[in-house]
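Shown below: structure_26.cif, with mmCIF, C-alpha atoms and all ligand atoms.
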```cif
data_entry
loop_
_atom_site.label_atom_id
_atom_site.label_comp_id
_atom_site.auth_asym_id
_atom_site.auth_seq_id
_atom_site.Cartn_x
_atom_site.Cartn_y
_atom_site.Cartn_z
CA MET A 28 99.57 86.45 -93.16
CA LEU A 29 97.64 84.58 -90.49
CA GLU A 30 96.22 86.79 -87.75
CA TRP A 31 94.17 86.19 -84.60
CA MET A 32 91.18 88.55 -84.65
CA THR A 33 87.65 89.01 -83.34
CA LEU A 34 84.73 88.51 -85.73
CA ASP A 35 80.97 88.54 -85.19
CA ASP A 36 79.49 85.27 -83.94
CA PRO A 37 78.30 83.12 -86.88
CA ALA A 38 74.56 82.55 -87.33
CA PRO A 39 73.51 79.15 -88.71
CA GLY A 40 71.98 78.94 -92.19
CA PRO A 41 68.97 76.60 -92.41
CA ASN A 42 71.19 73.53 -92.91
CA ASP A 43 74.06 74.57 -90.63
CA LEU A 44 75.09 73.90 -87.09
CA VAL A 45 77.05 76.37 -84.98
CA VAL A 46 79.51 74.46 -82.85
CA GLU A 47 81.50 75.61 -79.83
CA LEU A 48 84.94 74.33 -80.70
CA HIS A 49 86.71 71.93 -78.36
CA ALA A 50 89.72 71.44 -80.66
CA ALA A 51 90.55 72.11 -84.31
CA GLY A 52 92.84 69.76 -86.23
CA LEU A 53 95.75 71.24 -88.15
CA ASN A 54 96.28 69.67 -91.56
CA TYR A 55 98.75 70.24 -94.34
CA ILE A 56 95.94 71.44 -96.58
CA ASP A 57 95.57 74.46 -94.26
CA THR A 58 99.07 75.55 -95.30
CA TYR A 59 98.12 75.22 -99.00
CA HIS A 60 95.08 77.43 -98.37
CA ARG A 61 97.29 79.98 -96.60
CA SER A 62 100.12 79.93 -99.18
CA GLY A 63 97.88 79.98 -102.24
CA LEU A 64 99.00 76.58 -103.58
CA TYR A 65 95.26 75.84 -103.51
CA PRO A 66 93.80 79.25 -104.50
CA MET A 67 91.16 80.62 -102.11
CA THR A 68 89.15 83.82 -101.89
CA LEU A 69 90.66 86.06 -99.20
CA PRO A 70 90.25 86.98 -96.44
CA LEU A 71 89.30 83.61 -95.02
CA THR A 72 89.21 81.78 -91.74
CA PRO A 73 91.24 78.63 -92.41
CA GLY A 74 90.85 75.16 -90.96
CA MET A 75 88.76 72.20 -92.15
CA GLU A 76 88.54 69.93 -89.14
CA GLY A 77 87.40 69.99 -85.54
CA ALA A 78 85.08 68.74 -82.84
CA GLY A 79 82.85 70.36 -80.27
CA ILE A 80 79.34 70.85 -78.90
CA VAL A 81 76.40 72.09 -80.98
CA VAL A 82 75.16 75.46 -79.62
CA ALA A 83 72.72 76.33 -82.43
CA ALA A 84 71.03 74.40 -85.24
CA GLY A 85 69.39 75.82 -88.39
CA ALA A 86 65.65 75.42 -88.98
CA SER A 87 66.09 72.55 -91.49
CA CYS A 88 68.58 70.52 -89.42
CA ARG A 89 67.26 67.05 -88.60
CA ARG A 90 70.26 64.97 -87.51
CA PHE A 91 71.66 67.08 -84.70
CA SER A 92 70.44 69.46 -82.02
CA VAL A 93 71.85 71.72 -79.31
CA GLY A 94 74.10 69.83 -76.88
CA ASP A 95 75.21 67.09 -79.32
CA ARG A 96 78.90 66.14 -79.60
CA VAL A 97 79.99 66.35 -83.23
CA ALA A 98 83.14 66.22 -85.37
CA TRP A 99 83.88 67.13 -88.99
CA SER A 100 86.65 67.24 -91.60
CA THR A 101 85.30 69.52 -94.35
CA ALA A 102 84.06 72.75 -92.74
CA LEU A 103 86.21 75.64 -93.93
CA GLY A 104 86.53 78.16 -91.09
CA SER A 105 87.34 75.70 -88.32
CA TYR A 106 90.06 77.87 -86.73
CA ALA A 107 87.43 79.68 -84.64
CA GLU A 108 85.87 79.44 -81.21
CA LEU A 109 82.45 79.16 -82.89
CA VAL A 110 82.37 77.24 -86.18
CA ARG A 111 79.57 77.10 -88.74
CA VAL A 112 79.41 73.45 -89.85
CA PRO A 113 77.09 72.21 -92.62
CA GLU A 114 74.98 69.57 -90.89
CA ASP A 115 75.72 67.07 -93.67
CA SER A 116 79.46 67.34 -92.89
CA ALA A 117 79.10 66.52 -89.19
CA VAL A 118 79.19 63.10 -87.56
CA SER A 119 78.22 62.10 -84.07
CA VAL A 120 81.09 61.42 -81.64
CA PRO A 121 80.37 58.34 -79.49
CA PRO A 122 80.81 58.59 -75.70
CA SER A 123 83.82 56.24 -75.86
CA VAL A 124 85.83 58.79 -77.89
CA SER A 125 86.92 62.17 -76.49
CA LEU A 126 86.22 65.31 -78.51
CA GLU A 127 89.95 65.91 -78.65
CA LEU A 128 90.63 62.51 -80.24
CA ALA A 129 87.73 63.00 -82.64
CA ALA A 130 89.17 66.33 -83.76
CA ALA A 131 92.56 64.64 -84.19
CA VAL A 132 91.43 61.70 -86.30
CA MET A 133 88.71 62.86 -88.69
CA LEU A 134 90.65 64.23 -91.66
CA GLN A 135 93.91 62.29 -91.55
CA GLY A 136 92.13 59.15 -90.29
CA MET A 137 89.47 59.07 -93.01
CA THR A 138 92.25 59.76 -95.52
CA ALA A 139 94.30 56.81 -94.32
CA HIS A 140 91.09 54.75 -94.30
CA TYR A 141 90.17 55.40 -97.93
CA LEU A 142 93.77 55.02 -99.13
CA VAL A 143 94.16 51.49 -97.72
CA THR A 144 90.60 50.24 -98.22
CA ASP A 145 89.51 51.78 -101.52
CA THR A 146 92.27 53.50 -103.51
CA PHE A 147 94.47 50.41 -103.24
CA ALA A 148 92.82 47.76 -101.10
CA LEU A 149 95.72 46.46 -99.03
CA GLY A 150 95.83 42.89 -97.81
CA ALA A 151 98.17 40.19 -96.56
CA GLY A 152 101.24 39.80 -98.74
CA HIS A 153 101.17 43.32 -100.20
CA ARG A 154 104.27 45.47 -99.92
CA CYS A 155 103.67 49.21 -99.54
CA LEU A 156 105.84 52.29 -99.13
CA ILE A 157 104.46 55.11 -96.99
CA HIS A 158 106.34 58.40 -97.20
CA ALA A 159 106.61 60.68 -94.13
CA GLY A 160 105.51 57.85 -91.85
CA ALA A 161 105.83 59.84 -88.62
CA GLY A 162 103.39 62.54 -89.74
CA GLY A 163 99.73 62.71 -88.82
CA THR A 164 98.51 60.77 -91.82
CA GLY A 165 101.60 58.56 -91.95
CA LEU A 166 101.30 57.11 -88.45
CA LEU A 167 97.66 56.21 -89.06
CA LEU A 168 98.45 54.71 -92.47
CA ILE A 169 101.16 52.49 -91.01
CA GLN A 170 98.88 51.10 -88.31
CA MET A 171 96.05 50.42 -90.76
CA ALA A 172 98.38 48.82 -93.31
CA LYS A 173 99.82 46.51 -90.64
CA HIS A 174 96.34 45.69 -89.37
CA LEU A 175 95.44 44.58 -92.90
CA GLY A 176 98.49 42.34 -93.06
CA ALA A 177 100.74 44.32 -95.43
CA GLU A 178 104.53 44.67 -95.23
CA VAL A 179 105.32 48.32 -94.60
CA PHE A 180 108.31 50.34 -95.81
CA THR A 181 108.35 53.93 -94.61
CA THR A 182 110.49 57.06 -94.89
CA VAL A 183 111.13 59.56 -92.09
CA GLY A 184 113.27 62.66 -91.59
CA THR A 185 114.97 61.98 -88.24
CA VAL A 186 116.14 59.22 -85.90
CA ASP A 187 113.45 60.17 -83.36
CA LYS A 188 110.79 59.80 -86.01
CA ALA A 189 112.26 56.40 -86.92
CA ALA A 190 111.61 55.17 -83.38
CA LEU A 191 108.00 56.34 -83.58
CA VAL A 192 107.22 54.54 -86.84
CA ARG A 193 108.78 51.33 -85.54
CA ASP A 194 106.47 51.56 -82.52
CA ALA A 195 103.57 52.02 -84.93
CA GLY A 196 104.51 48.73 -86.60
CA ALA A 197 106.58 49.67 -89.67
CA ASP A 198 108.72 46.78 -90.89
CA HIS A 199 111.42 48.78 -92.71
CA VAL A 200 112.41 52.39 -91.97
CA VAL A 201 114.47 54.63 -94.24
CA LEU A 202 115.97 57.96 -93.16
CA TYR A 203 115.45 59.66 -96.52
CA ARG A 204 117.37 62.81 -95.66
CA GLU A 205 120.51 60.72 -95.15
CA GLU A 206 120.19 57.91 -97.69
CA ASP A 207 118.70 57.37 -101.15
CA PHE A 208 115.39 55.81 -100.16
CA GLY A 209 115.10 54.05 -103.52
CA ILE A 210 118.37 52.17 -103.04
CA SER A 211 117.46 51.29 -99.46
CA VAL A 212 114.05 49.91 -100.45
CA GLU A 213 115.50 47.95 -103.39
CA ARG A 214 118.18 46.46 -101.13
CA ILE A 215 115.46 44.85 -99.01
CA ALA A 216 112.59 44.30 -101.43
CA GLY A 217 114.45 43.81 -104.69
CA SER A 218 114.01 45.67 -107.95
CA ARG A 219 110.51 46.91 -108.85
CA ALA A 220 108.87 45.00 -106.02
CA LEU A 221 106.31 47.25 -104.33
CA ASP A 222 102.59 46.86 -104.89
CA VAL A 223 101.77 50.44 -103.95
CA VAL A 224 103.39 53.71 -102.88
CA TYR A 225 101.38 56.12 -100.71
CA ASP A 226 103.04 59.49 -101.26
CA GLY A 227 101.99 62.61 -99.38
CA VAL A 228 105.41 64.24 -99.82
CA GLY A 229 105.25 64.88 -103.58
CA LYS A 230 107.98 66.72 -105.46
CA SER A 231 111.09 65.39 -103.69
CA VAL A 232 110.14 61.67 -103.80
CA PHE A 233 107.49 61.17 -106.48
CA ASP A 234 109.70 60.39 -109.47
CA ARG A 235 112.02 57.97 -107.68
CA SER A 236 109.05 56.21 -106.13
CA LEU A 237 107.62 55.29 -109.55
CA ASP A 238 110.73 53.17 -110.21
CA LEU A 239 110.04 51.01 -107.14
CA LEU A 240 106.66 49.66 -108.28
CA ARG A 241 106.10 46.17 -109.60
CA PRO A 242 104.43 45.80 -113.01
CA ARG A 243 100.82 46.98 -112.66
CA GLY A 244 101.61 48.48 -109.26
CA MET A 245 99.90 51.67 -108.12
CA MET A 246 101.37 55.11 -107.43
CA VAL A 247 99.10 57.02 -105.07
CA THR A 248 100.25 60.64 -104.94
CA PHE A 249 97.99 62.26 -102.35
CA GLY A 250 99.87 65.35 -101.18
CA ASN A 251 102.48 68.03 -101.70
CA ALA A 252 104.39 68.50 -98.44
CA SER A 253 107.61 69.16 -100.40
CA GLY A 254 105.77 70.78 -103.34
CA PRO A 255 103.57 69.33 -106.08
CA ALA A 256 104.86 66.35 -108.08
CA GLU A 257 106.07 67.13 -111.60
CA PRO A 258 103.90 66.11 -114.57
CA VAL A 259 104.47 62.59 -115.85
CA SER A 260 103.98 61.25 -119.38
CA PRO A 261 101.57 58.33 -119.80
CA LEU A 262 104.41 56.57 -121.65
CA ARG A 263 106.42 56.53 -118.44
CA LEU A 264 103.66 54.45 -116.87
CA MET A 265 103.86 51.97 -119.73
CA GLN A 266 107.65 51.76 -119.52
CA GLY A 267 107.42 51.25 -115.75
CA GLY A 268 105.24 48.17 -116.29
CA SER A 269 101.64 49.29 -117.04
CA LEU A 270 101.58 51.24 -113.80
CA PHE A 271 98.51 52.90 -112.32
CA LEU A 272 98.73 56.52 -111.18
CA THR A 273 96.07 58.24 -109.10
CA ARG A 274 95.83 61.63 -107.37
CA PRO A 275 93.01 61.09 -104.87
CA ASN A 276 91.31 63.56 -102.54
CA LEU A 277 89.31 62.86 -99.39
CA SER A 278 86.27 64.84 -100.56
CA HIS A 279 85.63 62.33 -103.34
CA TYR A 280 85.79 59.39 -100.91
CA ILE A 281 83.27 60.88 -98.43
CA ALA A 282 80.97 62.35 -101.07
CA THR A 283 77.97 60.40 -99.83
CA ARG A 284 76.58 60.42 -96.30
CA ALA A 285 76.97 56.62 -96.24
CA ASP A 286 80.71 56.82 -97.02
CA LEU A 287 81.28 59.59 -94.46
CA GLU A 288 79.51 57.67 -91.71
CA ARG A 289 81.12 54.34 -92.62
CA ARG A 290 84.65 55.76 -92.44
CA ALA A 291 84.07 57.78 -89.27
CA THR A 292 82.37 54.85 -87.55
CA ASP A 293 85.27 52.54 -88.44
CA LEU A 294 87.77 55.02 -86.99
CA PHE A 295 85.87 55.51 -83.74
CA THR A 296 85.45 51.73 -83.42
CA TRP A 297 89.14 51.06 -84.05
CA ILE A 298 90.08 53.66 -81.42
CA SER A 299 87.65 52.15 -78.92
CA ASP A 300 88.90 48.64 -79.74
CA GLY A 301 92.35 49.85 -78.73
CA TRP A 302 94.48 49.05 -81.78
CA LEU A 303 94.40 52.45 -83.51
CA ASN A 304 96.57 54.88 -81.60
CA VAL A 305 96.11 58.55 -82.47
CA ARG A 306 99.28 60.35 -81.49
CA ILE A 307 98.70 63.97 -80.53
CA GLY A 308 102.16 65.43 -81.10
CA ALA A 309 101.38 68.95 -79.90
CA ARG A 310 98.55 71.12 -78.59
CA VAL A 311 98.90 74.76 -79.63
CA PRO A 312 96.64 77.66 -78.55
CA LEU A 313 94.20 78.49 -81.34
CA SER A 314 95.39 82.10 -81.12
CA ASP A 315 98.85 80.90 -82.25
CA ALA A 316 97.74 79.06 -85.39
CA ALA A 317 100.52 80.89 -87.27
CA GLY A 318 103.12 79.34 -84.97
CA ALA A 319 101.57 75.91 -85.50
CA HIS A 320 101.86 76.34 -89.30
CA ARG A 321 105.56 77.13 -88.87
CA LEU A 322 106.05 73.95 -86.84
CA LEU A 323 104.28 71.79 -89.42
CA GLU A 324 106.09 73.27 -92.41
CA GLY A 325 109.39 73.13 -90.50
CA ARG A 326 109.20 69.30 -90.36
CA THR A 327 109.52 69.38 -86.59
CA THR A 328 106.19 67.74 -85.78
CA THR A 329 105.04 64.16 -85.32
CA GLY A 330 101.49 62.85 -85.35
CA LYS A 331 98.66 65.32 -85.00
CA LEU A 332 98.77 69.03 -84.14
CA LEU A 333 95.68 70.32 -82.37
CA LEU A 334 94.62 73.94 -81.98
CA ILE A 335 92.93 74.52 -78.64
CA PRO A 336 90.64 77.48 -77.95
CA ARG A 337 90.93 79.27 -74.60
CA ALA A 338 87.69 77.95 -73.19
CA SER A 339 88.56 74.23 -73.45
P1 LIG A 401 102.34 65.56 -91.80
O1 LIG A 401 102.06 65.54 -90.35
O2 LIG A 401 102.65 64.27 -92.49
O3 LIG A 401 103.52 66.58 -92.09
C1 LIG A 401 104.17 66.57 -93.32
C2 LIG A 401 105.48 65.79 -93.25
O4 LIG A 401 106.00 65.72 -94.56
C3 LIG A 401 106.57 66.44 -92.42
O5 LIG A 401 106.47 66.18 -91.05
C4 LIG A 401 107.81 65.84 -93.04
O6 LIG A 401 108.16 64.62 -92.40
C5 LIG A 401 107.38 65.51 -94.48
N1 LIG A 401 108.09 66.35 -95.47
C6 LIG A 401 108.91 65.90 -96.43
N2 LIG A 401 109.43 66.90 -97.13
C7 LIG A 401 108.93 68.05 -96.59
C8 LIG A 401 109.13 69.43 -96.88
N3 LIG A 401 109.93 69.83 -97.87
N4 LIG A 401 108.48 70.34 -96.13
C9 LIG A 401 107.66 69.95 -95.15
N5 LIG A 401 107.44 68.65 -94.82
C10 LIG A 401 108.08 67.69 -95.54
O7 LIG A 401 101.12 66.28 -92.56
P2 LIG A 401 99.66 65.70 -92.84
O8 LIG A 401 99.51 64.36 -92.25
O9 LIG A 401 98.67 66.75 -92.52
O10 LIG A 401 99.66 65.56 -94.43
C11 LIG A 401 100.56 64.69 -95.07
C12 LIG A 401 100.33 64.79 -96.56
O11 LIG A 401 99.07 64.20 -96.85
C13 LIG A 401 100.25 66.22 -97.07
O12 LIG A 401 100.86 66.29 -98.33
C14 LIG A 401 98.77 66.46 -97.22
O13 LIG A 401 98.46 67.44 -98.18
C15 LIG A 401 98.31 65.09 -97.64
N6 LIG A 401 96.89 64.83 -97.41
C16 LIG A 401 96.12 64.55 -98.50
C17 LIG A 401 94.80 64.24 -98.36
C18 LIG A 401 94.03 63.82 -99.56
O14 LIG A 401 92.88 63.35 -99.44
N7 LIG A 401 94.59 63.92 -100.75
C19 LIG A 401 94.13 64.33 -97.06
C20 LIG A 401 95.04 64.55 -95.95
C21 LIG A 401 96.38 64.81 -96.14
P3 LIG A 401 109.70 64.12 -92.37
O15 LIG A 401 110.45 65.13 -91.56
O16 LIG A 401 109.65 62.79 -91.75
O17 LIG A 401 110.13 64.11 -93.80
#
```
For the file at hand, write its structure as C-alpha cells.
Ligand code: NDP
Amino acid sequence: MLEWMTLDDPAPGPNDLVVELHAAGLNYIDTYHRSGLYPMTLPLTPGMEGAGIVVAAGASCRRFSVGDRVAWSTALGSYAELVRVPEDSAVSVPPSVSLELAAAVMLQGMTAHYLVTDTFALGAGHRCLIHAGAGGTGLLLIQMAKHLGAEVFTTVGTVDKAALVRDAGADHVVLYREEDFGISVERIAGSRALDVVYDGVGKSVFDRSLDLLRPRGMMVTFGNASGPAEPVSPLRLMQGGSLFLTRPNLSHYIATRADLERRATDLFTWISDGWLNVRIGARVPLSDAAGAHRLLEGRTTTGKLLLIPRAS
C-alpha cells in the first residue's frame, strides 16, 4: 500500500536540514522497502534520494543554510514536498548541474562509481558483464566502464533497450529474455573469461554468471531486481577458480564525509565535462509514486525515474 497523504510539515532536528523538494529519485531499494524484502517499521514515507532548496536548518548545522541547493542519496522520507535531510547526508549542487540532474544521479551514480573504482577497480583490458544495462544504474555503469577502458558485455530485456545500451557504449549486448546469456557471452569471450560481473538482477542470473568468471575473477552481486540470489557454498568459489564474491552496499562506500564528497564531486564534474549522460527515462508526479513503482517493477523503464512535486 502506497498512498498520497498530507502530513504535518517536518521540523529540523539540530543536525537536520528541511529541504523543499525539486525532484525525488526513484530507486529499486524503494520497492524493497515497500514490499518488505528489506524490513522497515511502518508506516513510513519512502524514498532515499532527491534534490532541492534548503528552507530551514537546525541550530547545529554548519555546512548549509537557507537558500542552498543540495542533493542526497540516504535520507529516508524523500517522497515528500518537504524532506528532513541529515546535514551530513547532503552535498552541495554546483551551478553547472540542475537540481533535476542531481536528484537523478546521486544514488545510482555513486553506486556505479564505487562499483567500478573500488569494489573492482576497472581498467583497460578488463572484461566486465553488466546485467540490466538499460536501467538507471546500468546505463551509468556502462559509461563509466567504457571511460575506464574496459570491454563491456551487457544484458537487456528488449530490442529498444539494446539500442540504448549501444548508444551508451556497450560492446556486446545480449537479449537475456530470448537467449541464454551465458552461451552468448561465452561465444564471444570464450569459456570463463570475464574479470568481473556486476549483477543488480540477482536470482535469475546470479548462478549462471558465476560460471563466466576467469580464475580469481570477482562476482559483484549488488541487487535483487528479480529476487535475492540463492546462497552459495564457499566450495563453489574454489571450484570456479578461487573466485571472489562480494555483496556491496552504497552506505558502506559513502560512510565518511570524504568518500561522499569525492564521489558526488566526480559525478558532477563528469556531467559538466559532458561525457556522463544521465538519462531521465520518465518524470512522474510525486502524488503517483505508486504508479511509478509499478512501472519500475514491470521492467518497462529505462534510465532514471524522477518523482516531481506539484510546485516544481
Ligand atoms: P533499474 O532501473 O535497473 O531497474 C531494474 C531492471 O532490472 C529492470 O528495468 C529490468 O531490466 C531488470 N530486471 C531483470 N529481471 C527483473 C525482474 N524480474 N523484475 C524487475 N526487473 C527486472 O533499477 P535500479 O537502477 O534502481 O537498480 C538496479 C539494481 O541495482 C537493483 O537490484 C538495486 O537494488 C541495485 N542497487 C544496489 C545498490 C547497492 O549499493 N547495493 C545501490 C543502487 C542500486 P530488463 O528489462 O532490461 O531486464
Practice task
Using only C-alpha atoms, give me every residue within 12 Å of (66.0, 69.5, -90.0) in file coordinates, as a list in words.
Solution key: Gly40, Pro41, Asn42, Asp43, Leu44, Ala84, Gly85, Ala86, Ser87, Cys88, Arg89, Arg90, Phe91, Ser92, Pro113, Glu114 and Asp115 of chain A
Fill in the blank from the handout: Shortest contact to Thr248 (chain A), candidates A:Gly267, A:Phe147, A:Val201, A:Glu288, atoms counted all atoms listed in the file, goes to A:Phe147
Fill in the blank from the handout: A straight line from atom C3 of ligand LIG 401 (chain A) to CA of Ser299 (chain A) spans 27.3 Å
Handout entry: Protein/DNA/RNA residues near (103.2, 59.7, -101.8), cut 8 Å, only C-alpha atoms, as a list in words
Key = Ile157, His158, Val224, Tyr225, Asp226, Gly227, Val228, Gly229, Val232, Phe233, Met246, Val247, Thr248, Phe249 and Gly250 of chain A
Problem - Pick from A:Ala50, A:Leu71, A:Val81, A:Leu168 nearest to Glu127 (chain A), counting only C-alpha atoms - result: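 Checking each candidate against Glu127 (chain A), we get A:Ala50 as the closest.
Within 7 Å of Val46 (chain A), once all atoms listed in the file are used and residues closer than 3 positions along the same chain are dropped, the contacting residues are A:Gly79, A:Ile80, A:Val81, A:Val82, A:Leu109, A:Val110, A:Arg111.
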Practice task
For ligand LIG 401 (chain A), collect every residue having any atom at a distance of at most 8 Å from a ligand atom (counting all atoms listed in the file); output as a PyMOL selection string.
Solution key: chain A and resi 53-56+59+134-135+138-139+158-165+182-185+188+203-204+226-229+231+248-254+274-278+323-332
Problem - Who sits within 10 Å of Arg284 (chain A), all atoms listed in the file, same chain under 3 positions skipped, as a PyMOL selection string - result: chain A and resi 115-118+281+287-289
Handout entry: Residue among A:Ile307, A:Ile169, A:Met245, A:Leu272 lying closest to Pro258 (chain A), counting all atoms listed in the file
Key =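 Comparing A:Ile307, A:Ile169, A:Met245, A:Leu272 against Pro258 (chain A), the winner is A:Leu272.
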Any chance you could work out the axis-aligned box around region 248-252 of chain A, listed atoms only, 5 Å on each side, giving centre and edge lengths in Å to one decimal, as JSON?
```
{"center_x": 101.2, "center_y": 64.6, "center_z": -101.7, "size_x": 16.4, "size_y": 17.9, "size_z": 16.5}
```
Handout entry: Interatomic distance, CA of Leu128 (chain A) to CA of Val179 (chain A) (Å, one decimal)
Key =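 Separating CA of Leu128 (chain A) from CA of Val179 (chain A) is a distance of 25.0 Å.
Proximity to Asp35 (chain A) was assessed for A:Val212, A:Leu191, A:Ala107, A:Leu334 counting all atoms listed in the file; the smallest distance is recorded for A:Ala107.
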Handout entry: Atom pair CA of Arg241 (chain A) / CA of Arg219 (chain A): separation (Å)
Key =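 These atoms are spaced 4.5 Å apart.
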Handout entry: Selection near region 290-293 of chain A, 12 Å with all atoms listed in the file, sequence-local residues under 5 positions removed, as a count of residues only
Key = 41
Problem - Nearest to Leu156 (chain A), chosen from A:Gly209, A:Gly176, A:Gly94, A:Pro122, with all atoms listed in the file counted in the distances - result: A:Gly209
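Nearest residue to Val112 (chain A) among A:Pro66, A:Pro39, A:Gly152, A:Gly52 is A:Pro39, counting all atoms listed in the file.
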Using the incomplete input, complete region 32-49 of chain A to the level of N, CA and C atoms; output as a PDB file, in the coordinates of the input.
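out-v6.pdb written:
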```pdb
ATOM      1  N   MET A  32      92.018  87.359 -84.737  1.00  0.00           N
ATOM      2  CA  MET A  32      91.180  88.550 -84.650  1.00  0.00           C
ATOM      3  C   MET A  32      89.769  88.186 -84.209  1.00  0.00           C
ATOM      4  N   THR A  33      89.015  89.210 -83.821  1.00  0.00           N
ATOM      5  CA  THR A  33      87.650  89.010 -83.340  1.00  0.00           C
ATOM      6  C   THR A  33      86.660  89.304 -84.465  1.00  0.00           C
ATOM      7  N   LEU A  34      85.782  88.349 -84.723  1.00  0.00           N
ATOM      8  CA  LEU A  34      84.730  88.510 -85.730  1.00  0.00           C
ATOM      9  C   LEU A  34      83.372  88.367 -85.033  1.00  0.00           C
ATOM     10  N   ASP A  35      82.315  88.751 -85.731  1.00  0.00           N
ATOM     11  CA  ASP A  35      80.970  88.540 -85.190  1.00  0.00           C
ATOM     12  C   ASP A  35      80.692  87.042 -85.054  1.00  0.00           C
ATOM     13  N   ASP A  36      79.874  86.675 -84.069  1.00  0.00           N
ATOM     14  CA  ASP A  36      79.490  85.270 -83.940  1.00  0.00           C
ATOM     15  C   ASP A  36      78.752  84.826 -85.198  1.00  0.00           C
ATOM     16  N   PRO A  37      79.014  83.584 -85.692  1.00  0.00           N
ATOM     17  CA  PRO A  37      78.300  83.120 -86.880  1.00  0.00           C
ATOM     18  C   PRO A  37      76.847  82.756 -86.537  1.00  0.00           C
ATOM     19  N   ALA A  38      75.952  83.012 -87.479  1.00  0.00           N
ATOM     20  CA  ALA A  38      74.560  82.550 -87.330  1.00  0.00           C
ATOM     21  C   ALA A  38      74.403  81.348 -88.256  1.00  0.00           C
ATOM     22  N   PRO A  39      73.648  80.317 -87.831  1.00  0.00           N
ATOM     23  CA  PRO A  39      73.510  79.150 -88.710  1.00  0.00           C
ATOM     24  C   PRO A  39      72.568  79.439 -89.870  1.00  0.00           C
ATOM     25  N   GLY A  40      72.943  78.984 -91.104  1.00  0.00           N
ATOM     26  CA  GLY A  40      71.980  78.940 -92.190  1.00  0.00           C
ATOM     27  C   GLY A  40      71.009  77.807 -91.898  1.00  0.00           C
ATOM     28  N   PRO A  41      69.980  77.621 -92.729  1.00  0.00           N
ATOM     29  CA  PRO A  41      68.970  76.600 -92.410  1.00  0.00           C
ATOM     30  C   PRO A  41      69.539  75.196 -92.242  1.00  0.00           C
ATOM     31  N   ASN A  42      70.621  74.888 -92.970  1.00  0.00           N
ATOM     32  CA  ASN A  42      71.190  73.530 -92.910  1.00  0.00           C
ATOM     33  C   ASN A  42      72.508  73.471 -92.147  1.00  0.00           C
ATOM     34  N   ASP A  43      72.776  74.500 -91.351  1.00  0.00           N
ATOM     35  CA  ASP A  43      74.060  74.570 -90.630  1.00  0.00           C
ATOM     36  C   ASP A  43      73.876  74.382 -89.127  1.00  0.00           C
ATOM     37  N   LEU A  44      74.963  73.888 -88.539  1.00  0.00           N
ATOM     38  CA  LEU A  44      75.090  73.900 -87.090  1.00  0.00           C
ATOM     39  C   LEU A  44      76.088  74.999 -86.727  1.00  0.00           C
ATOM     40  N   VAL A  45      75.948  75.581 -85.540  1.00  0.00           N
ATOM     41  CA  VAL A  45      77.050  76.370 -84.980  1.00  0.00           C
ATOM     42  C   VAL A  45      77.576  75.566 -83.806  1.00  0.00           C
ATOM     43  N   VAL A  46      78.901  75.358 -83.821  1.00  0.00           N
ATOM     44  CA  VAL A  46      79.510  74.460 -82.850  1.00  0.00           C
ATOM     45  C   VAL A  46      80.541  75.228 -82.022  1.00  0.00           C
ATOM     46  N   GLU A  47      80.451  75.060 -80.700  1.00  0.00           N
ATOM     47  CA  GLU A  47      81.500  75.610 -79.830  1.00  0.00           C
ATOM     48  C   GLU A  47      82.675  74.660 -79.903  1.00  0.00           C
ATOM     49  N   LEU A  48      83.798  75.183 -80.377  1.00  0.00           N
ATOM     50  CA  LEU A  48      84.940  74.330 -80.700  1.00  0.00           C
ATOM     51  C   LEU A  48      85.618  73.803 -79.437  1.00  0.00           C
ATOM     52  N   HIS A  49      85.893  72.515 -79.427  1.00  0.00           N
ATOM     53  CA  HIS A  49      86.710  71.930 -78.360  1.00  0.00           C
ATOM     54  C   HIS A  49      88.175  71.855 -78.817  1.00  0.00           C
TER      55      HIS A  49
END
```
